[in-house]
Every structure is written in structure tokens, then in C-alpha cells.
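Structure below is structure-v4.tsv: TSV, C-alpha atoms.
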```tsv
chain	number	residue	atom	x	y	z
A	31	MET	CA	77.30	295.54	89.91
A	32	LEU	CA	74.19	297.73	89.70
A	33	LYS	CA	75.88	299.97	87.15
A	34	THR	CA	76.85	296.95	85.06
A	35	ASN	CA	73.28	295.64	85.14
A	36	LEU	CA	71.90	299.05	84.21
A	37	PHE	CA	74.37	299.29	81.35
A	38	GLY	CA	73.28	295.83	80.16
A	39	MET	CA	69.60	296.81	80.32
A	40	VAL	CA	70.15	300.09	78.46
A	41	LEU	CA	72.15	298.24	75.81
A	42	LEU	CA	69.44	295.59	75.37
A	43	LEU	CA	66.72	298.28	75.15
A	44	GLY	CA	68.83	300.20	72.65
A	45	VAL	CA	69.56	297.18	70.45
A	46	SER	CA	65.84	296.26	70.52
A	47	ALA	CA	64.82	299.81	69.55
A	48	LEU	CA	67.39	299.85	66.75
A	49	THR	CA	66.27	296.47	65.40
A	50	ALA	CA	62.62	297.53	65.62
A	51	TRP	CA	63.41	300.71	63.68
A	52	MET	CA	65.30	298.73	61.04
A	53	SER	CA	62.46	296.23	60.81
A	54	TYR	CA	60.04	299.14	60.24
A	55	SER	CA	62.30	300.92	57.74
A	56	LEU	CA	63.18	297.84	55.69
A	57	SER	CA	59.62	296.52	55.59
A	58	LYS	CA	57.99	296.80	52.15
A	59	GLU	CA	54.64	297.62	53.75
A	60	PRO	CA	55.40	299.07	57.20
A	61	PHE	CA	52.54	299.05	59.64
A	62	THR	CA	51.53	302.61	60.50
A	63	LEU	CA	49.17	304.41	62.82
A	64	GLU	CA	46.92	305.27	59.87
A	65	GLN	CA	46.56	301.59	58.97
A	66	PHE	CA	45.99	300.76	62.60
A	67	ARG	CA	43.10	303.21	62.79
A	68	VAL	CA	41.22	301.29	60.10
A	69	SER	CA	39.27	298.58	61.85
A	70	PRO	CA	39.91	295.16	60.26
A	71	VAL	CA	36.19	294.43	60.67
A	72	LYS	CA	35.37	297.63	58.77
A	73	ALA	CA	37.70	296.58	55.97
A	74	ALA	CA	36.16	293.08	55.84
A	75	ALA	CA	32.64	294.58	55.83
A	76	GLY	CA	33.66	296.74	52.88
A	77	GLU	CA	34.89	293.70	50.97
A	78	ALA	CA	31.65	291.81	51.71
A	79	GLU	CA	29.57	294.87	50.71
A	80	VAL	CA	27.90	295.07	54.09
A	81	GLU	CA	26.57	298.53	54.98
A	82	ILE	CA	27.90	300.03	58.20
A	83	ILE	CA	25.92	302.45	60.35
A	84	GLY	CA	26.99	304.69	63.24
A	85	SER	CA	25.44	305.36	66.64
A	86	VAL	CA	23.29	308.25	65.42
A	87	GLU	CA	21.64	306.13	62.75
A	88	ALA	CA	21.27	303.17	65.08
A	89	ARG	CA	19.45	305.32	67.65
A	90	ARG	CA	17.23	306.79	64.95
A	91	PHE	CA	16.29	303.33	63.64
A	92	LEU	CA	15.46	302.26	67.17
A	93	GLU	CA	13.29	305.34	67.81
A	94	LEU	CA	11.46	304.87	64.51
A	95	GLY	CA	11.07	301.15	65.13
A	96	SER	CA	12.01	300.65	61.51
A	97	HIS	CA	14.62	297.95	62.08
A	98	LEU	CA	14.89	294.80	64.13
A	99	PHE	CA	18.03	294.78	66.26
A	100	LEU	CA	19.97	291.52	66.60
A	101	ASP	CA	22.68	291.00	69.21
A	102	ALA	CA	25.40	288.61	67.95
A	103	ARG	CA	27.19	288.25	71.30
A	104	SER	CA	26.82	285.33	73.67
A	105	GLN	CA	23.63	284.90	75.70
A	106	GLN	CA	25.59	285.69	78.86
A	107	GLU	CA	26.84	289.02	77.49
A	108	TYR	CA	23.34	289.82	76.22
A	109	ASP	CA	21.91	289.17	79.69
A	110	GLN	CA	24.43	291.58	81.22
A	111	GLY	CA	23.15	294.43	79.05
A	112	HIS	CA	21.93	295.03	75.51
A	113	ILE	CA	20.35	297.61	73.22
A	114	PRO	CA	16.65	298.02	74.13
A	115	MET	CA	14.33	295.78	72.09
A	116	ALA	CA	17.30	293.87	70.62
A	117	MET	CA	16.92	290.12	70.26
A	118	SER	CA	19.71	287.74	71.11
A	119	LEU	CA	21.05	285.65	68.23
A	120	PRO	CA	24.53	284.50	69.31
A	121	LEU	CA	26.69	283.73	66.30
A	122	ARG	CA	28.18	280.73	68.07
A	123	GLU	CA	24.70	279.25	68.64
A	124	PHE	CA	23.27	280.23	65.26
A	125	GLU	CA	22.10	276.75	64.30
A	126	SER	CA	20.06	276.24	67.48
A	127	THR	CA	18.77	279.81	67.99
A	128	PHE	CA	17.97	280.94	64.47
A	129	PRO	CA	14.96	278.59	63.92
A	130	GLN	CA	13.24	280.28	66.90
A	131	ILE	CA	13.72	283.75	65.42
A	132	ALA	CA	13.24	282.96	61.72
A	133	PRO	CA	9.39	282.89	61.87
A	134	MET	CA	9.44	286.54	63.02
A	135	LEU	CA	11.44	287.66	59.99
A	136	ASP	CA	10.61	288.32	56.36
A	137	SER	CA	13.37	288.06	53.80
A	138	ASP	CA	13.31	291.86	53.49
A	139	THR	CA	12.97	292.75	57.20
A	140	PRO	CA	15.49	295.57	57.88
A	141	LEU	CA	17.96	294.33	60.46
A	142	VAL	CA	20.62	296.04	62.55
A	143	VAL	CA	23.22	293.58	63.75
A	144	TYR	CA	25.82	294.40	66.38
A	145	CYS	CA	28.26	292.83	68.84
A	146	SER	CA	30.65	294.26	71.44
A	147	GLY	CA	32.60	296.84	69.42
A	148	THR	CA	34.82	297.77	66.48
A	149	LEU	CA	37.20	294.85	66.99
A	150	CYS	CA	34.43	292.27	67.24
A	151	ASP	CA	33.56	290.49	63.98
A	152	ASP	CA	30.65	288.37	65.24
A	153	GLY	CA	28.11	290.93	63.96
A	154	LEU	CA	29.60	290.85	60.47
A	155	HIS	CA	29.69	287.05	60.40
A	156	LEU	CA	26.08	286.93	61.60
A	157	ILE	CA	25.01	289.17	58.71
A	158	LEU	CA	26.80	286.83	56.30
A	159	ARG	CA	25.09	283.79	57.85
A	160	LEU	CA	21.71	285.55	57.58
A	161	ARG	CA	22.42	286.30	53.94
A	162	GLU	CA	23.09	282.61	53.32
A	163	ALA	CA	19.72	281.89	54.95
A	164	GLY	CA	18.02	284.32	52.56
A	165	PHE	CA	17.77	287.41	54.77
A	166	GLU	CA	19.44	290.23	52.91
A	167	GLY	CA	18.38	293.27	54.91
A	168	GLY	CA	21.17	293.37	57.50
A	169	VAL	CA	23.29	296.42	58.27
A	170	LEU	CA	26.20	296.39	60.70
A	171	TYR	CA	26.29	298.68	63.71
A	172	LEU	CA	30.08	298.52	63.99
A	173	ASP	CA	30.53	300.41	67.28
A	174	GLY	CA	28.19	297.92	68.95
A	175	MET	CA	27.76	298.00	72.72
A	176	GLU	CA	30.90	300.14	73.16
A	177	GLY	CA	29.38	302.88	71.02
A	178	TRP	CA	25.93	302.50	72.52
A	179	GLU	CA	27.13	302.88	76.10
B	50	MET	CA	83.74	272.28	111.77
B	51	LYS	CA	80.55	274.26	111.25
B	52	SER	CA	82.02	275.91	108.22
B	53	LYS	CA	82.90	272.53	106.77
B	54	MET	CA	79.34	271.30	107.30
B	55	GLU	CA	77.90	274.39	105.65
B	56	ASP	CA	80.35	273.93	102.84
B	57	ARG	CA	79.20	270.34	102.45
B	58	ARG	CA	75.54	271.36	102.50
B	59	TRP	CA	76.06	273.87	99.70
B	60	LYS	CA	77.99	271.32	97.68
B	61	ILE	CA	75.13	268.83	97.98
B	62	GLY	CA	72.71	271.47	96.73
B	63	ASP	CA	75.01	272.78	94.07
B	64	GLY	CA	74.24	270.25	91.35
B	65	ARG	CA	70.49	270.55	91.82
B	66	TRP	CA	70.52	274.34	91.76
B	67	VAL	CA	72.71	274.40	88.69
B	68	VAL	CA	70.25	272.11	86.92
B	69	CYS	CA	67.30	274.26	88.09
B	70	GLY	CA	69.06	277.40	86.87
B	71	TRP	CA	69.79	275.86	83.50
B	72	LEU	CA	66.26	274.53	83.11
B	73	ALA	CA	64.79	277.95	83.96
B	74	ARG	CA	67.13	279.62	81.50
B	75	VAL	CA	66.37	277.15	78.68
B	76	ALA	CA	62.59	277.32	79.29
B	77	VAL	CA	62.37	281.11	79.55
B	78	SER	CA	64.68	281.76	76.61
B	79	LEU	CA	62.76	279.34	74.37
B	80	LEU	CA	59.43	280.86	75.44
B	81	PHE	CA	60.50	284.43	74.74
B	82	LEU	CA	62.31	283.53	71.54
B	83	TYR	CA	59.16	281.86	70.20
B	84	ALA	CA	56.73	284.49	71.55
B	85	GLY	CA	58.91	287.33	70.26
B	86	TRP	CA	59.44	285.90	66.82
B	87	ILE	CA	55.79	285.18	66.02
B	88	LYS	CA	55.05	288.82	66.89
B	89	VAL	CA	57.95	290.05	64.76
B	90	VAL	CA	56.39	288.36	61.73
B	91	ASP	CA	52.86	289.61	62.52
B	92	VAL	CA	53.24	293.16	63.81
B	93	GLU	CA	49.69	294.13	62.86
B	94	GLY	CA	48.14	291.17	64.68
B	95	PHE	CA	50.17	291.97	67.78
B	96	ALA	CA	49.16	295.65	67.59
B	97	ARG	CA	45.48	294.63	67.48
B	98	SER	CA	46.06	292.36	70.48
B	99	ILE	CA	47.63	295.21	72.49
B	100	ASP	CA	44.72	297.45	71.51
B	101	GLY	CA	42.28	294.82	72.79
B	102	TYR	CA	43.55	295.42	76.32
B	103	ARG	CA	42.41	299.07	76.08
B	104	MET	CA	45.16	300.31	78.35
B	105	LEU	CA	47.36	302.38	76.05
B	106	PRO	CA	46.82	305.45	73.85
B	107	GLU	CA	46.33	304.60	70.20
B	108	ASN	CA	49.52	306.30	68.97
B	109	TRP	CA	51.71	304.27	71.33
B	110	ILE	CA	50.56	300.97	69.90
B	111	PRO	CA	52.35	300.69	66.51
B	112	PRO	CA	55.80	301.68	67.93
B	113	LEU	CA	55.31	299.29	70.84
B	114	ALA	CA	54.19	296.52	68.47
B	115	TYR	CA	57.54	296.88	66.67
B	116	PHE	CA	59.70	297.31	69.78
B	117	LEU	CA	58.38	294.77	72.30
B	118	PRO	CA	58.83	291.60	70.16
B	119	TRP	CA	62.46	292.52	69.43
B	120	LEU	CA	63.06	293.18	73.14
B	121	GLU	CA	61.72	289.70	73.87
B	122	VAL	CA	63.96	288.14	71.21
B	123	TRP	CA	67.13	289.99	72.29
B	124	CYS	CA	66.52	289.27	75.97
B	125	ALA	CA	66.07	285.57	75.16
B	126	VAL	CA	69.38	285.63	73.24
B	127	ALA	CA	71.18	287.64	75.95
B	128	LEU	CA	70.39	284.93	78.51
B	129	TRP	CA	73.21	282.98	76.85
B	130	ILE	CA	75.79	285.79	76.90
B	131	THR	CA	78.20	286.68	79.73
B	132	PRO	CA	76.77	287.43	83.23
B	133	PRO	CA	76.34	291.25	83.05
B	134	PHE	CA	74.08	290.93	80.01
B	135	ARG	CA	72.50	287.77	81.36
B	136	THR	CA	71.52	289.40	84.65
B	137	ALA	CA	70.26	292.53	82.88
B	138	SER	CA	68.25	290.28	80.58
B	139	TRP	CA	66.75	288.38	83.53
B	140	TRP	CA	65.66	291.68	85.13
B	141	LEU	CA	64.01	292.82	81.90
B	142	LEU	CA	62.31	289.45	81.37
B	143	VAL	CA	60.98	289.40	84.94
B	144	GLY	CA	59.76	292.98	84.46
B	145	MET	CA	58.01	292.10	81.20
B	146	MET	CA	56.44	288.99	82.68
B	147	LEU	CA	55.17	291.03	85.64
B	148	VAL	CA	53.66	293.71	83.37
B	149	PHE	CA	52.03	291.07	81.12
B	150	THR	CA	50.56	289.26	84.12
B	151	ILE	CA	49.11	292.48	85.57
B	152	ALA	CA	47.72	293.47	82.15
B	153	LYS	CA	46.03	290.08	81.77
B	154	GLY	CA	44.62	290.20	85.30
B	155	VAL	CA	43.22	293.69	84.76
B	156	ALA	CA	41.73	292.70	81.37
B	157	MET	CA	40.06	289.64	82.90
B	158	SER	CA	38.69	291.58	85.87
B	159	ARG	CA	37.23	294.14	83.43
B	160	GLY	CA	35.48	291.28	81.62
B	161	LEU	CA	37.20	291.88	78.26
B	162	ASP	CA	36.59	289.11	75.75
B	163	ILE	CA	39.97	289.23	73.99
B	164	SER	CA	42.73	286.88	72.92
B	165	CYS	CA	45.92	287.15	74.93
B	166	GLY	CA	48.24	288.04	72.05
B	167	CYS	CA	51.11	286.24	73.77
B	168	THR	CA	51.97	283.23	71.64
B	169	GLY	CA	49.81	283.67	68.56
B	170	SER	CA	46.73	281.87	69.86
B	171	GLU	CA	43.38	283.38	68.87
B	172	ASP	CA	41.50	281.66	71.73
B	173	PRO	CA	39.74	283.95	74.21
B	174	MET	CA	41.81	284.68	77.31
B	175	SER	CA	40.85	283.07	80.62
B	176	TRP	CA	42.00	283.13	84.24
B	177	LEU	CA	44.01	280.01	83.37
B	178	ASP	CA	46.23	282.22	81.19
B	179	VAL	CA	46.83	284.51	84.18
B	180	LEU	CA	47.77	281.47	86.26
B	181	ILE	CA	50.15	280.23	83.55
B	182	ASN	CA	51.74	283.69	83.46
B	183	LEU	CA	52.19	283.59	87.23
B	184	ILE	CA	53.97	280.24	86.89
B	185	TRP	CA	56.26	281.68	84.20
B	186	LEU	CA	56.88	284.69	86.44
B	187	GLY	CA	57.93	282.24	89.17
B	188	VAL	CA	60.24	280.42	86.75
B	189	SER	CA	61.79	283.73	85.61
B	190	LEU	CA	62.32	284.86	89.21
B	191	THR	CA	63.93	281.50	90.02
B	192	GLY	CA	66.25	281.97	87.05
B	193	LEU	CA	67.15	285.50	88.15
B	194	ILE	CA	67.83	284.49	91.77
B	195	LEU	CA	69.88	281.44	90.85
B	196	ASP	CA	71.84	283.45	88.32
B	197	LYS	CA	72.63	286.17	90.86
B	198	ARG	CA	73.84	283.58	93.36
B	199	ARG	CA	75.99	282.09	90.59
B	200	PHE	CA	75.62	278.47	91.55
```
Do you think you could lay out the structure here as C-alpha cells?
Amino acid sequence: MLKTNLFGMVLLLGVSALTAWMSYSLSKEPFTLEQFRVSPVKAAAGEAEVEIIGSVEARRFLELGSHLFLDARSQQEYDQGHIPMAMSLPLREFESTFPQIAPMLDSDTPLVVYCSGTLCDDGLHLILRLREAGFEGGVLYLDGMEGWE
Amino acid sequence: MKSKMEDRRWKIGDGRWVVCGWLARVAVSLLFLYAGWIKVVDVEGFARSIDGYRMLPENWIPPLAYFLPWLEVWCAVALWITPPFRTASWWLLVGMMLVFTIAKGVAMSRGLDISCGCTGSEDPMSWLDVLINLIWLGVSLTGLILDKRRF
């Protein structure tokens, strides 16, 4: 009985592996590791012509005090830990929070916007919302809190 | 006499257990058929979901994103084939459900803000999803046990 079950399992695993391989081989645009390594947020930022910065630049901007850092995550996540001096502007509460922050900004204030990491697109969307509101100076710190920690 | 009574007791239960077994089989096969197929048609989305759990090395993810959905689909189909394949399929489905439940629990306890990647929903995962998985695990185990007893 055990042998029969094991045979059945091996057969099912084999058929699944074979079908998966065929699905990969017959696909016109198979999904590869190289594609996977490109963050979808990075690709979307490229399309929207949003500049991306890395951790080294982000730390330099913070040391120089040349940029205002905006945290696009929720207030709760911000309270648990954030980049020093960063202000909280949760994307999901943009309408209610932005009017409190807007008086501190000029249309050309250099901004660094971030969220939790490379798979998070809140930072990118926040930059786009800020653009709509007339604030063009936003760059995206793609690695966000993951990269900072 | 005792044997006759036992026999009678089993007969009374028979119909109910058969219905339970069938219901479990229909529910689990439909769930995995649906969950598997939506991943088959969106391999990249599923790969990103697996990556969100941050549990596996990067180079494992694309092969797994191709393999796992097909395993779900074939196991769902095999539930309707003859007993050796059916039982093997139940074991694999219970195993998968157990692994998925543990993965979700670990992700939640680590405070990851990710979507589950189970049935195509983009909503952030919650403890309710873990509970739902536990219920499905219970249904799968019921199906496996009833199938093994061959009511």
C-alpha cells in the first residue's frame, strides 16, 4: 500500500515537473531568473521617469541635509521605525496628511521618498501624487527600510 | 450479537461519511484546480508572491513558480482517478496545505505586509488567511482519512 502511494506521488510529481517544463519551453516569453531580478517597481519607475537612488546616496543626502525624506508607509509602520528626520506621509492617507506637510515644501524642495523595500510601490505612487500636486523634486529610494536597516 | 450491532452502527454512519468524503473531495479539488490555474496563467505574479515571503533563495523561485501550480492542478485532477493515485494526491495536497499554512504563519509573525499569492487576491494577508488555511487543512485531512477508510 505504501509502495503504491509512493509510486502515485512520484508519478504526480513527475507529471507536474514535465508539464511545468513544457509550459516553460512552449511559452513565447518564458519567465526567467534574469527577468525576476528586475524589480517591477524599478521598471515602473523607469517608465514614469522617476530617478532612483541607492543606500549610499540616501545616506549622503541625509548627512548633508540637502533633501527632505518622506516615508510612504502607514503611520503604524513609521512608528515602529523610520529613517532619521523622515516625515510620515502615508500614501493611503495622502488626502488627509498632505495639507499638513505642504506648507513646509516648496515646489522645488528636493525630496527622497521611500517605503518598505524593492517590492513596495507606495513610494513610487507617492512621488507621482506629489508631481500631480506640483512638487517635482522627488527621487525614489527603492531599497527603502530594507536597505536602510 | 455485538458484531451485528457494530455492523449496524457503521451502516448508519456510512451514508454520512460517504457524503462528507465526497464534499471534501469536491471542495478541495475545486480549490486547487482554481488556485493552480490562476498561477499557471500568471507565473510572474506568483513568483513575486513567493519572493514576498522571503523564505527561499532567489534562484529557486522561477522553477518553483512553474512547478507548484501544475502540481496543484494535477493533484486536483488525480483526486478523481482510481484509489492509488487518489490517496497519493491526498497526501500531496495535505502536505502542500501544511507547508502553505506554516509559511503564512511565519510571514505574519515576522510582520510582512504581503499578499498571500494563493488565489490571485492582491489584498494584504492577515491572520484570517492563516485561519482559513487551517480550515482547509482540516478539510483535506478529513478527505484523506475518509478516503483511506474507504467508506
Query raised in the report: Which polymer residues, protein or nucleic acid, are no farther than 8 Å from (48.7, 288.6, 66.9), counting all atoms listed in the file, as a PyMOL selection string?
Result: chain B and resi 87-88+91-98+166-171
Query raised in the report: When the cut-off is 9 Å and we count all atoms listed in the file, which residues of chain B are near chain A, given as a ChimeraX atom specification?
Result: /B:89,92-93,96-97,101,107-112,114-124,127,133-138,140-141,162
Query raised in the report: Could you state the separation of CA of Met134 (chain A) and CA of Asp152 (chain A) in Å, given to one decimal place?
Result: 21.4 Å
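The interatomic distance for the pair CA of Gly154 (chain B) and CA of Tyr108 (chain A) works out to 23.1 Å.
Excluding Leu92 (chain A) itself and any same-chain residue fewer than 4 positions from it, the protein and nucleic acid residues within 12 Å of it, counting all atoms listed in the file, are Ser85, Val86, Glu87, Ala88, Ser96, His97, Leu98, Phe99, Leu100, Ile113, Pro114, Met115, Ala116, Pro140, Leu141, Val142, Tyr171 and Trp178 of chain A.
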With C-alpha atoms retained, export the selected residues as an mmCIF file, in the frame of the given file.
```
data_model
loop_
_atom_site.group_PDB
_atom_site.id
_atom_site.type_symbol
_atom_site.label_atom_id
_atom_site.label_comp_id
_atom_site.auth_asym_id
_atom_site.auth_seq_id
_atom_site.Cartn_x
_atom_site.Cartn_y
_atom_site.Cartn_z
ATOM 1 C CA SER A 85 25.440 305.360 66.640
ATOM 2 C CA VAL A 86 23.290 308.250 65.420
ATOM 3 C CA GLU A 87 21.640 306.130 62.750
ATOM 4 C CA ALA A 88 21.270 303.170 65.080
ATOM 5 C CA SER A 96 12.010 300.650 61.510
ATOM 6 C CA HIS A 97 14.620 297.950 62.080
ATOM 7 C CA LEU A 98 14.890 294.800 64.130
ATOM 8 C CA PHE A 99 18.030 294.780 66.260
ATOM 9 C CA LEU A 100 19.970 291.520 66.600
ATOM 10 C CA ILE A 113 20.350 297.610 73.220
ATOM 11 C CA PRO A 114 16.650 298.020 74.130
ATOM 12 C CA MET A 115 14.330 295.780 72.090
ATOM 13 C CA ALA A 116 17.300 293.870 70.620
ATOM 14 C CA PRO A 140 15.490 295.570 57.880
ATOM 15 C CA LEU A 141 17.960 294.330 60.460
ATOM 16 C CA VAL A 142 20.620 296.040 62.550
ATOM 17 C CA TYR A 171 26.290 298.680 63.710
ATOM 18 C CA TRP A 178 25.930 302.500 72.520
#
```
Query raised in the report: Taking into account only C-alpha atoms, which residue in the set B:Val179, B:Leu161, B:Val143, B:Ile194 is nearest to Glu176 (chain A)?
Result: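 Distance minimum relative to Glu176 (chain A) lands on B:Leu161.
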**Report entry** Option closest in space to Ala73 (chain A), from A:Leu156, A:Asp151, A:His112, A:Asp173 [counting only C-alpha atoms]
**Finding:**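 Once distances to Ala73 (chain A) are computed over only C-alpha atoms, the minimum belongs to A:Asp151.
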Requested in this report: Enter the distance from CA of Val155 (chain B) to CA of Pro106 (chain B), in Å, rounded to one decimal.
Outcome: 16.4 Å
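With distances restricted to all atoms listed in the file, A:Ala102 is the closest residue to Gly153 (chain A) from A:Ala102, A:Val169, A:Met117, A:Val71.
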Query - Pick from A:Ser137, A:His155, A:Phe91, A:Gly147, whichever lies nearest to Pro120 (chain A) using all atoms listed in the file - result: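 Using all atoms listed in the file, Pro120 (chain A) sits closest to A:His155.
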Report task. Do a neighbour search on Leu195 (chain B) at 10 Å with only C-alpha atoms, toss out local chain neighbours closer than 6 positions, and write the hits as a ChimeraX atom specification. Result -> /B:66-67,69-71,73-74,189
Query raised in the report: Nearest to Thr191 (chain B) among B:Cys165, B:Leu113, B:Ala125, B:Leu72, with distances taken over only C-alpha atoms: which residue is it?
Result: B:Leu72
Query raised in the report: Looking at all atoms listed in the file, which of B:Met145, B:Ala156, B:Val68, B:Leu177 is the one that sits closest to Gly85 (chain B)?
Result: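 That would be B:Met145, the residue with the smallest distance to Gly85 (chain B).
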Please, what is the axis-aligned box for every listed atom of region 96-112 of chain B with 4 Å on each side, as centre and edge lengths in Å to one decimal, as lines of an AutoDock Vina configuration file?
```
center_x = 49.0
center_y = 299.3
center_z = 72.4
size_x = 21.5
size_y = 21.9
size_z = 19.8
```
Taking N, CA and C atoms as the atom set, what does region 59-92 of chain B look like once completed, written as an mmCIF file, in the frame of the given file?
```cif
data_model
loop_
_atom_site.group_PDB
_atom_site.id
_atom_site.type_symbol
_atom_site.label_atom_id
_atom_site.label_comp_id
_atom_site.auth_asym_id
_atom_site.auth_seq_id
_atom_site.Cartn_x
_atom_site.Cartn_y
_atom_site.Cartn_z
ATOM 1 N N TRP B 59 76.130 273.139 100.962
ATOM 2 C CA TRP B 59 76.060 273.870 99.700
ATOM 3 C C TRP B 59 76.463 272.979 98.534
ATOM 4 N N LYS B 60 77.512 272.166 98.776
ATOM 5 C CA LYS B 60 77.990 271.320 97.680
ATOM 6 C C LYS B 60 76.916 270.312 97.257
ATOM 7 N N ILE B 61 76.178 269.789 98.302
ATOM 8 C CA ILE B 61 75.130 268.830 97.980
ATOM 9 C C ILE B 61 74.075 269.504 97.098
ATOM 10 N N GLY B 62 73.739 270.746 97.493
ATOM 11 C CA GLY B 62 72.710 271.470 96.730
ATOM 12 C C GLY B 62 73.188 271.949 95.382
ATOM 13 N N ASP B 63 74.452 272.158 95.281
ATOM 14 C CA ASP B 63 75.010 272.780 94.070
ATOM 15 C C ASP B 63 74.461 272.207 92.763
ATOM 16 N N GLY B 64 74.628 270.908 92.601
ATOM 17 C CA GLY B 64 74.240 270.250 91.350
ATOM 18 C C GLY B 64 72.777 270.495 91.027
ATOM 19 N N ARG B 65 71.935 270.368 92.053
ATOM 20 C CA ARG B 65 70.490 270.550 91.820
ATOM 21 C C ARG B 65 70.176 271.981 91.387
ATOM 22 N N TRP B 66 70.792 272.942 92.105
ATOM 23 C CA TRP B 66 70.520 274.340 91.760
ATOM 24 C C TRP B 66 71.023 274.689 90.379
ATOM 25 N N VAL B 67 72.172 274.123 90.037
ATOM 26 C CA VAL B 67 72.710 274.400 88.690
ATOM 27 C C VAL B 67 71.731 273.892 87.639
ATOM 28 N N VAL B 68 71.211 272.684 87.871
ATOM 29 C CA VAL B 68 70.250 272.110 86.920
ATOM 30 C C VAL B 68 68.999 272.975 86.861
ATOM 31 N N CYS B 69 68.513 273.397 88.050
ATOM 32 C CA CYS B 69 67.300 274.260 88.090
ATOM 33 C C CYS B 69 67.549 275.550 87.317
ATOM 34 N N GLY B 70 68.720 276.153 87.560
ATOM 35 C CA GLY B 70 69.060 277.400 86.870
ATOM 36 C C GLY B 70 69.101 277.225 85.372
ATOM 37 N N TRP B 71 69.709 276.139 84.940
ATOM 38 C CA TRP B 71 69.790 275.860 83.500
ATOM 39 C C TRP B 71 68.410 275.613 82.908
ATOM 40 N N LEU B 72 67.613 274.822 83.624
ATOM 41 C CA LEU B 72 66.260 274.530 83.110
ATOM 42 C C LEU B 72 65.449 275.813 82.983
ATOM 43 N N ALA B 73 65.534 276.677 84.010
ATOM 44 C CA ALA B 73 64.790 277.950 83.960
ATOM 45 C C ALA B 73 65.270 278.776 82.782
ATOM 46 N N ARG B 74 66.578 278.803 82.592
ATOM 47 C CA ARG B 74 67.130 279.620 81.500
ATOM 48 C C ARG B 74 66.700 279.082 80.135
ATOM 49 N N VAL B 75 66.770 277.759 79.969
ATOM 50 C CA VAL B 75 66.370 277.150 78.680
ATOM 51 C C VAL B 75 64.887 277.420 78.429
ATOM 52 N N ALA B 76 64.043 277.171 79.468
ATOM 53 C CA ALA B 76 62.590 277.320 79.290
ATOM 54 C C ALA B 76 62.220 278.756 78.965
ATOM 55 N N VAL B 77 62.743 279.701 79.749
ATOM 56 C CA VAL B 77 62.370 281.110 79.550
ATOM 57 C C VAL B 77 62.920 281.630 78.221
ATOM 58 N N SER B 78 64.135 281.244 77.868
ATOM 59 C CA SER B 78 64.680 281.760 76.610
ATOM 60 C C SER B 78 63.910 281.197 75.414
ATOM 61 N N LEU B 79 63.546 279.917 75.482
ATOM 62 C CA LEU B 79 62.760 279.340 74.370
ATOM 63 C C LEU B 79 61.393 280.005 74.272
ATOM 64 N N LEU B 80 60.762 280.219 75.426
ATOM 65 C CA LEU B 80 59.430 280.860 75.440
ATOM 66 C C LEU B 80 59.481 282.241 74.803
ATOM 67 N N PHE B 81 60.451 283.053 75.243
ATOM 68 C CA PHE B 81 60.500 284.430 74.740
ATOM 69 C C PHE B 81 60.982 284.496 73.293
ATOM 70 N N LEU B 82 61.854 283.564 72.933
ATOM 71 C CA LEU B 82 62.310 283.530 71.540
ATOM 72 C C LEU B 82 61.125 283.226 70.612
ATOM 73 N N TYR B 83 60.327 282.241 71.006
ATOM 74 C CA TYR B 83 59.160 281.860 70.200
ATOM 75 C C TYR B 83 58.109 282.987 70.198
ATOM 76 N N ALA B 84 57.779 283.454 71.430
ATOM 77 C CA ALA B 84 56.730 284.490 71.550
ATOM 78 C C ALA B 84 57.145 285.763 70.831
ATOM 79 N N GLY B 85 58.426 286.119 70.931
ATOM 80 C CA GLY B 85 58.910 287.330 70.260
ATOM 81 C C GLY B 85 58.862 287.200 68.758
ATOM 82 N N TRP B 86 59.324 286.051 68.268
ATOM 83 C CA TRP B 86 59.440 285.900 66.820
ATOM 84 C C TRP B 86 58.080 285.877 66.116
ATOM 85 N N ILE B 87 57.097 285.211 66.714
ATOM 86 C CA ILE B 87 55.790 285.180 66.020
ATOM 87 C C ILE B 87 55.148 286.577 65.997
ATOM 88 N N LYS B 88 55.550 287.434 66.929
ATOM 89 C CA LYS B 88 55.050 288.820 66.890
ATOM 90 C C LYS B 88 55.839 289.654 65.882
ATOM 91 N N VAL B 89 57.126 289.338 65.753
ATOM 92 C CA VAL B 89 57.950 290.050 64.760
ATOM 93 C C VAL B 89 57.377 289.848 63.363
ATOM 94 N N VAL B 90 56.905 288.641 63.070
ATOM 95 C CA VAL B 90 56.390 288.360 61.730
ATOM 96 C C VAL B 90 54.920 288.763 61.554
ATOM 97 N N ASP B 91 54.247 289.138 62.630
ATOM 98 C CA ASP B 91 52.860 289.610 62.520
ATOM 99 C C ASP B 91 52.655 290.831 63.419
ATOM 100 N N VAL B 92 53.283 291.930 63.000
ATOM 101 C CA VAL B 92 53.240 293.160 63.810
ATOM 102 C C VAL B 92 51.792 293.657 63.946
#
```
